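Engineer: File entry.txt below, compact mmCIF, C-alpha atoms:
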```txt
# COMPACT_ATOMS: atom_id res chain seq x y z
CA MET A 4 234.81 303.99 106.16
CA GLY A 5 235.99 300.53 107.13
CA LYS A 6 233.70 297.56 107.35
CA LEU A 7 231.77 297.41 110.64
CA VAL A 8 231.00 294.05 112.23
CA LEU A 9 229.03 293.64 115.46
CA TYR A 10 229.36 290.37 117.36
CA GLY A 11 226.55 289.55 119.74
CA VAL A 12 223.36 287.74 120.63
CA GLU A 13 219.85 289.20 120.53
CA ALA A 14 218.96 288.55 124.16
CA SER A 15 221.92 290.62 125.38
CA PRO A 16 220.94 294.16 126.49
CA PRO A 17 224.43 295.62 125.76
CA VAL A 18 224.30 294.21 122.23
CA ARG A 19 220.90 295.78 121.66
CA ALA A 20 222.12 299.13 122.96
CA CYS A 21 224.80 299.08 120.27
CA LYS A 22 222.26 298.10 117.61
CA LEU A 23 220.08 301.08 118.58
CA THR A 24 223.10 303.37 118.27
CA LEU A 25 224.18 301.95 114.92
CA ASN A 26 220.63 302.38 113.64
CA ALA A 27 220.40 305.97 114.90
CA LEU A 28 223.62 306.82 113.08
CA GLY A 29 222.42 305.17 109.88
CA LEU A 30 225.46 302.89 109.79
CA GLN A 31 225.55 299.68 107.76
CA TYR A 32 227.13 296.72 109.52
CA GLU A 33 227.40 292.96 109.51
CA TYR A 34 225.92 291.15 112.48
CA ARG A 35 227.57 287.92 113.64
CA LEU A 36 225.93 285.68 116.20
CA VAL A 37 227.92 284.57 119.26
CA ASN A 38 226.20 281.63 120.96
CA LEU A 39 227.03 282.26 124.61
CA LEU A 40 225.24 279.16 125.90
CA ALA A 41 227.30 277.02 123.51
CA GLY A 42 230.52 278.72 124.62
CA ASP A 43 231.40 280.52 121.38
CA GLN A 44 232.90 283.35 123.43
CA PHE A 45 235.64 281.05 124.71
CA ASN A 46 236.99 279.86 121.37
CA LYS A 47 240.46 281.01 120.33
CA GLU A 48 239.32 283.26 117.50
CA TYR A 49 236.89 285.19 119.69
CA THR A 50 239.27 285.38 122.62
CA LEU A 51 241.80 287.14 120.40
CA LYS A 52 239.17 289.79 119.69
CA ASN A 53 237.97 290.04 123.30
CA PRO A 54 239.88 288.29 126.10
CA GLN A 55 237.05 289.22 128.48
CA HIS A 56 234.72 286.79 126.61
CA THR A 57 231.79 289.21 126.57
CA VAL A 58 229.38 290.58 123.98
CA PRO A 59 229.17 292.87 122.17
CA VAL A 60 232.39 293.28 120.25
CA LEU A 61 232.73 295.83 117.45
CA ASP A 62 235.17 295.19 114.62
CA ASP A 63 235.91 298.42 112.79
CA HIS A 64 238.15 297.32 109.94
CA GLY A 65 240.30 295.11 112.16
CA LYS A 66 240.16 297.29 115.26
CA TYR A 67 238.29 295.57 118.08
CA ILE A 68 236.32 297.30 120.85
CA TRP A 69 234.23 295.65 123.54
CA ASP A 70 231.88 296.96 126.23
CA SER A 71 228.73 298.53 124.86
CA HIS A 72 229.36 301.90 126.50
CA ALA A 73 232.79 302.20 124.90
CA ILE A 74 231.38 301.07 121.55
CA MET A 75 228.51 303.56 121.54
CA ALA A 76 230.73 306.48 122.49
CA TYR A 77 233.25 305.46 119.84
CA LEU A 78 230.61 305.23 117.13
CA VAL A 79 229.27 308.70 117.88
CA ARG A 80 232.72 310.27 118.07
CA LYS A 81 233.81 308.74 114.78
CA TYR A 82 230.68 308.62 112.65
CA ALA A 83 228.01 311.04 113.94
CA LYS A 84 227.36 314.26 112.03
CA SER A 85 226.65 316.05 115.32
CA ASP A 86 227.41 315.48 118.99
CA GLU A 87 223.79 315.32 120.12
CA LEU A 88 223.91 311.63 121.09
CA TYR A 89 227.11 312.15 123.12
CA PRO A 90 227.63 315.90 123.70
CA LYS A 91 231.07 317.49 123.70
CA ASP A 92 229.98 320.04 126.31
CA PHE A 93 231.75 318.95 129.51
CA HIS A 94 228.71 319.12 131.80
CA LYS A 95 226.28 317.54 129.35
CA ARG A 96 228.73 314.71 128.68
CA ALA A 97 229.24 314.19 132.41
CA VAL A 98 225.50 313.70 132.82
CA VAL A 99 225.46 311.14 130.01
CA ASP A 100 228.49 309.39 131.51
CA GLN A 101 226.78 309.20 134.90
CA ARG A 102 223.75 307.50 133.37
CA LEU A 103 226.02 305.09 131.47
CA HIS A 104 227.92 304.17 134.63
CA PHE A 105 224.61 303.73 136.45
CA GLU A 106 223.40 301.36 133.75
CA SER A 107 226.65 299.40 133.79
CA GLY A 108 227.18 299.05 137.53
CA VAL A 109 223.70 299.25 139.00
CA ILE A 110 221.15 298.13 136.38
CA PHE A 111 223.08 295.56 134.36
CA GLN A 112 225.48 294.19 136.96
CA GLY A 113 223.31 294.73 140.01
CA CYS A 114 220.04 293.53 138.52
CA ILE A 115 220.28 291.65 135.22
CA ARG A 116 223.54 289.78 135.69
CA ASN A 117 222.87 289.26 139.38
CA ILE A 118 219.79 287.28 138.38
CA ALA A 119 220.91 285.84 135.03
CA HIS A 120 224.18 284.28 136.19
CA PRO A 121 222.73 281.95 138.84
CA VAL A 122 219.71 281.17 136.66
CA PHE A 123 221.47 280.41 133.38
CA ARG A 124 224.90 279.32 134.59
CA LEU A 125 224.14 277.64 137.91
CA ASN A 126 220.66 276.37 136.98
CA GLU A 127 218.98 277.97 139.97
CA THR A 128 215.23 278.29 139.59
CA GLU A 129 214.37 280.51 142.56
CA VAL A 130 215.17 284.22 142.78
CA PRO A 131 215.49 285.95 146.15
CA ARG A 132 212.95 288.72 146.73
CA ALA A 133 215.81 291.13 147.48
CA LYS A 134 216.94 290.89 143.84
CA ILE A 135 213.50 291.94 142.64
CA ASP A 136 213.44 294.75 145.19
CA ALA A 137 216.72 295.97 143.68
CA ILE A 138 214.95 296.39 140.33
CA TYR A 139 212.29 298.59 141.90
CA GLU A 140 215.03 300.64 143.52
CA VAL A 141 216.47 301.19 140.04
CA TYR A 142 213.05 302.31 138.77
CA ALA A 143 212.86 304.85 141.58
CA PHE A 144 216.28 306.26 140.69
CA LEU A 145 215.37 306.51 137.01
CA GLU A 146 212.11 308.25 137.90
CA ALA A 147 214.19 310.81 139.80
CA PHE A 148 216.69 311.18 136.94
CA LEU A 149 213.86 312.02 134.56
CA GLY A 150 212.87 314.94 136.75
CA THR A 151 216.27 316.49 137.46
CA THR A 152 216.70 318.71 134.38
CA THR A 153 213.37 320.28 133.44
CA ALA A 154 209.74 319.69 134.28
CA ALA A 155 209.10 318.56 130.70
CA GLN A 156 212.19 316.39 130.38
CA LYS A 157 211.67 313.71 127.72
CA TYR A 158 214.85 311.69 128.03
CA LEU A 159 217.33 310.65 130.69
CA CYS A 160 219.71 313.56 130.13
CA GLY A 161 217.30 316.28 129.05
CA ASN A 162 215.08 316.79 126.03
CA SER A 163 217.38 315.16 123.50
CA LEU A 164 218.11 311.49 122.99
CA THR A 165 221.58 310.33 123.98
CA ILE A 166 223.39 307.02 124.05
CA ALA A 167 222.41 306.84 127.74
CA ASP A 168 218.79 306.31 126.69
CA TYR A 169 219.79 303.47 124.37
CA SER A 170 221.89 301.86 127.07
CA VAL A 171 219.28 302.10 129.81
CA VAL A 172 216.30 301.08 127.69
CA SER A 173 218.06 297.91 126.59
CA SER A 174 218.26 296.82 130.24
CA VAL A 175 214.98 298.21 131.58
CA SER A 176 212.97 296.64 128.77
CA SER A 177 214.53 293.31 129.77
CA LEU A 178 213.49 293.64 133.42
CA VAL A 179 209.78 294.41 133.07
CA GLY A 180 208.97 290.70 132.94
CA LEU A 181 210.43 290.33 136.42
CA ALA A 182 209.23 293.63 137.85
CA ALA A 183 206.45 295.51 136.09
CA ILE A 184 206.66 299.30 135.87
CA GLU A 185 203.50 300.64 137.50
CA GLN A 186 202.20 303.76 135.75
CA ASP A 187 200.93 305.35 138.97
CA LYS A 188 204.17 304.76 140.85
CA TYR A 189 206.62 305.58 138.06
CA PRO A 190 204.77 307.91 135.65
CA LYS A 191 207.86 309.56 134.15
CA LEU A 192 209.63 306.24 133.65
CA SER A 193 206.51 304.74 132.08
CA SER A 194 206.20 307.67 129.66
CA TRP A 195 209.90 307.51 128.81
CA LEU A 196 209.69 303.79 128.02
CA GLU A 197 206.64 304.35 125.82
CA ARG A 198 208.51 307.16 124.05
CA MET A 199 211.50 304.92 123.43
CA GLU A 200 209.27 302.18 122.07
CA GLN A 201 208.06 304.60 119.37
CA LEU A 202 211.56 305.08 117.93
CA PRO A 203 212.05 303.89 114.34
CA ASP A 204 213.10 300.23 114.18
CA TYR A 205 212.91 299.94 117.99
CA GLN A 206 211.25 296.55 117.85
CA SER A 207 213.80 294.94 115.55
CA ASN A 208 216.78 296.47 117.33
CA ASN A 209 215.64 296.06 120.93
CA GLY A 210 212.06 294.97 121.55
CA ASN A 211 212.33 291.48 120.08
CA GLY A 212 215.56 290.73 121.93
CA ALA A 213 214.18 292.07 125.20
CA GLN A 214 211.18 289.76 124.89
CA MET A 215 213.55 286.90 124.16
CA LEU A 216 215.37 287.48 127.46
CA ILE A 217 212.08 287.88 129.32
CA ASP A 218 210.94 284.53 127.91
CA MET A 219 214.24 282.90 128.89
CA PHE A 220 213.82 284.12 132.46
CA SER A 221 210.20 282.91 132.53
CA ALA A 222 211.18 279.45 131.30
CA LYS A 223 213.76 279.00 134.07
CA ILE A 224 212.44 280.86 137.13
CA THR A 225 209.83 278.99 139.13
CA LYS A 226 209.54 281.14 142.24
CA ILE A 227 210.46 284.45 143.88
CA VAL A 228 211.41 283.67 147.47
```
Output the file's structure as structure tokens, nothing else.

Structural biologist:
Amino acid sequence: MGKLVLYGVEASPPVRACKLTLNALGLQYEYRLVNLLAGDQFNKEYTLKNPQHTVPVLDDHGKYIWDSHAIMAYLVRKYAKSDELYPKDFHKRAVVDQRLHFESGVIFQGCIRNIAHPVFRLNETEVPRAKIDAIYEVYAFLEAFLGTTTAAQKYLCGNSLTIADYSVVSSVSSLVGLAAIEQDKYPKLSSWLERMEQLPDYQSNNGNGAQMLIDMFSAKITKIV
């Protein structure tokens, strides 16, 4: 196996999703910090690895992959001893893919980046109420997803963990500081999040970074309008 290197920053949900996957697969890797606020992602060396200037980037012995969803799927395909985290069965994989696309387009882009970009890049300190409402809409969808397979469904795609759970938890755990998950309103989502928080090494691979992003939001946002 070639040397694995993950480029990222702890506050980034996509980076943490990859860390959860690497940990689940028992893979050893080197972690290299990319200081986004200092502009490390725009230097020539990094741009050659990822012209999109995003984190994370995976270096697998000189082969570079970016986008957390692509990285997680790649890691499972290449290194997993089974396909449980990303099933080969066409229907099961389609369900996982749907959740991954939902995380990418709706949760991360529609909620996290939609708030983070004006706050951290444009120095805006007020967040429109509609952006917070969008988070609650996401919670409602996830609550429904958790009830679509079986009555006792534990995870987003059934009763087995998949990379979709890692992807979604990295983002949802970063949003609770802006929009709390009410147990009475979202019981399945609340239970799922608690279940994810009990995973081995969850705190070091996701929890600490999620709190870091929550604190960053809190330090900048003065009002919901």

Engineer: Interatomic distance between CA of Leu30 in chain A and CA of Leu103 in chain A?

Structural biologist: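 Spanning CA of Leu30 in chain A to CA of Leu103 in chain A is a straight-line distance of 21.8 Å.
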
Engineer: Kindly indicate which residue among A:Val12, A:Ile184, A:Val37, A:Ala27 lies nearest to Asn211 in chain A, using all atoms listed in the file for the distances.

Structural biologist: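 Nearest to Asn211 in chain A: A:Val12.
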
Engineer: Around (218.3, 289.4, 128.1), as given in the file, which residues come within 7 Å? Count all atoms listed in the file and list them as a list in words.

Structural biologist: Ala14, Ser15, Pro16, Ser177, Gly212, Ala213, Met215, Leu216 and Ile217 of chain A

Engineer: Just C-alpha atoms for this one: save the residues we selected as a compact mmCIF listing (two decimals), keeping the file's coordinate frame.

Structural biologist:
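Contents of part.txt, as written:
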```
# COMPACT_ATOMS: atom_id res chain seq x y z
CA ALA A 14 218.96 288.55 124.16
CA SER A 15 221.92 290.62 125.38
CA PRO A 16 220.94 294.16 126.49
CA SER A 177 214.53 293.31 129.77
CA GLY A 212 215.56 290.73 121.93
CA ALA A 213 214.18 292.07 125.20
CA MET A 215 213.55 286.90 124.16
CA LEU A 216 215.37 287.48 127.46
CA ILE A 217 212.08 287.88 129.32
```

Engineer: Which residues of range 129-173 of chain A come within 12 Å of range 185-193 of chain A, and for each one, what is the closest pair of atoms and their distance in Å to one decimal, counting only C-alpha atoms, sorted by chain and residue number, as JSON lines?

Structural biologist:
```
{"residue": "A:Tyr139", "atom": "CA", "partner": "A:Tyr189", "partner_atom": "CA", "distance": 9.8}
{"residue": "A:Glu140", "atom": "CA", "partner": "A:Tyr189", "partner_atom": "CA", "distance": 11.2}
{"residue": "A:Val141", "atom": "CA", "partner": "A:Leu192", "partner_atom": "CA", "distance": 10.6}
{"residue": "A:Tyr142", "atom": "CA", "partner": "A:Tyr189", "partner_atom": "CA", "distance": 7.2}
{"residue": "A:Ala143", "atom": "CA", "partner": "A:Tyr189", "partner_atom": "CA", "distance": 7.2}
{"residue": "A:Phe144", "atom": "CA", "partner": "A:Leu192", "partner_atom": "CA", "distance": 9.7}
{"residue": "A:Leu145", "atom": "CA", "partner": "A:Leu192", "partner_atom": "CA", "distance": 6.7}
{"residue": "A:Glu146", "atom": "CA", "partner": "A:Leu192", "partner_atom": "CA", "distance": 5.3}
{"residue": "A:Ala147", "atom": "CA", "partner": "A:Lys191", "partner_atom": "CA", "distance": 8.6}
{"residue": "A:Phe148", "atom": "CA", "partner": "A:Leu192", "partner_atom": "CA", "distance": 9.2}
{"residue": "A:Leu149", "atom": "CA", "partner": "A:Lys191", "partner_atom": "CA", "distance": 6.5}
{"residue": "A:Gly150", "atom": "CA", "partner": "A:Lys191", "partner_atom": "CA", "distance": 7.8}
{"residue": "A:Thr151", "atom": "CA", "partner": "A:Lys191", "partner_atom": "CA", "distance": 11.4}
{"residue": "A:Ala154", "atom": "CA", "partner": "A:Lys191", "partner_atom": "CA", "distance": 10.3}
{"residue": "A:Ala155", "atom": "CA", "partner": "A:Lys191", "partner_atom": "CA", "distance": 9.7}
{"residue": "A:Gln156", "atom": "CA", "partner": "A:Lys191", "partner_atom": "CA", "distance": 8.9}
{"residue": "A:Lys157", "atom": "CA", "partner": "A:Lys191", "partner_atom": "CA", "distance": 8.5}
{"residue": "A:Tyr158", "atom": "CA", "partner": "A:Leu192", "partner_atom": "CA", "distance": 9.4}
{"residue": "A:Leu159", "atom": "CA", "partner": "A:Leu192", "partner_atom": "CA", "distance": 9.4}
{"residue": "A:Asp168", "atom": "CA", "partner": "A:Leu192", "partner_atom": "CA", "distance": 11.5}
{"residue": "A:Val171", "atom": "CA", "partner": "A:Leu192", "partner_atom": "CA", "distance": 11.2}
{"residue": "A:Val172", "atom": "CA", "partner": "A:Leu192", "partner_atom": "CA", "distance": 10.3}
```

Engineer: Select, from A:Leu61, A:Ala20, A:Ala97, A:Leu36, the residue with the minimum atom-to-atom distance to Ser176 in chain A, counting only C-alpha atoms.

Structural biologist: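 Among A:Leu61, A:Ala20, A:Ala97, A:Leu36, it is A:Ala20 that comes nearest to Ser176 in chain A.
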
Engineer: Rounded to one decimal, what separation in Å do you get between CA of Thr165 in chain A and CA of Lys91 in chain A?

Structural biologist: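 Going from CA of Thr165 in chain A over to CA of Lys91 in chain A, I get 11.9 Å.
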
Engineer: Calculate how many Å separate CA of Arg116 in chain A from CA of Lys52 in chain A, rounding to one decimal.

Structural biologist: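 Spanning CA of Arg116 in chain A to CA of Lys52 in chain A is a straight-line distance of 22.4 Å.
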
Engineer: Between A:Leu164, A:Leu28, A:Ala222, A:Val228, which one has atoms that come closest to Ala83 in chain A, using all atoms listed in the file?

Structural biologist: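 Selected residue with least distance to Ala83 in chain A: A:Leu28.
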
Engineer: Residues within 12 Å of Tyr77 in chain A, please, as an NGL selection string. Count only C-alpha atoms; anything in the same chain fewer than 6 positions from it doesn't count.

Structural biologist: :A and (21 or 24-25 or 28 or 61-63 or 66-71 or 83 or 86 or 88-89 or 166)

Engineer: Identify which of the residues A:Asn38, A:Lys223, A:Phe45, A:Ala76 lies closest to Leu125 in chain A, counting only C-alpha atoms when measuring atom-to-atom distances.

Structural biologist: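 Counting only C-alpha atoms, the residue closest to Leu125 in chain A is A:Lys223.
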
Engineer: Taking into account only C-alpha atoms, which residue in the set A:Arg102, A:His72, A:Lys22, A:Lys6 is nearest to Asn209 in chain A?

Structural biologist: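 Using only C-alpha atoms, the shortest distance to Asn209 in chain A belongs to A:Lys22.
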
Engineer: Need the neighbours of (226.9, 278.7, 127.3): which residues are at most 12 Å away, counting all atoms listed in the file, as a list in words?

Structural biologist: Val12, Val37, Asn38, Leu39, Leu40, Ala41, Gly42, Asp43, Gln44, Phe45, Asn46, His56, Thr57, His120, Phe123, Arg124, Leu125 and Asn126 of chain A

Engineer: With only C-alpha atoms counted and 8 Å as the cut-off, give the residues of range 18-121 of chain A in contact with range 135-138 of chain A, each with its shortest interatomic distance in Å and the pair that gives it, as a tab-separated table.

Structural biologist:
```
residue	atom	partner	partner_atom	distance
A:Ile110	CA	A:Ile138	CA	7.6
A:Gly113	CA	A:Ala137	CA	7.6
A:Cys114	CA	A:Ile138	CA	6.1
```

Engineer: Find the residue from A:Ile74, A:Pro203, A:Gly161, A:Pro54 that sits nearest to Val98 in chain A; use all atoms listed in the file when measuring.

Structural biologist: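 Nearest candidate to Val98 in chain A out of A:Ile74, A:Pro203, A:Gly161, A:Pro54: A:Gly161.
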
Engineer: Box for range 81-91 of chain A: with edges along x, y and z, all listed atoms inside and 4 Å added on each side, what are the centre and edge lengths in Å to one decimal, as lines of an AutoDock Vina configuration file?

Structural biologist:
```
center_x = 228.8
center_y = 313.1
center_z = 117.9
size_x = 18.0
size_y = 16.9
size_z = 19.7
```
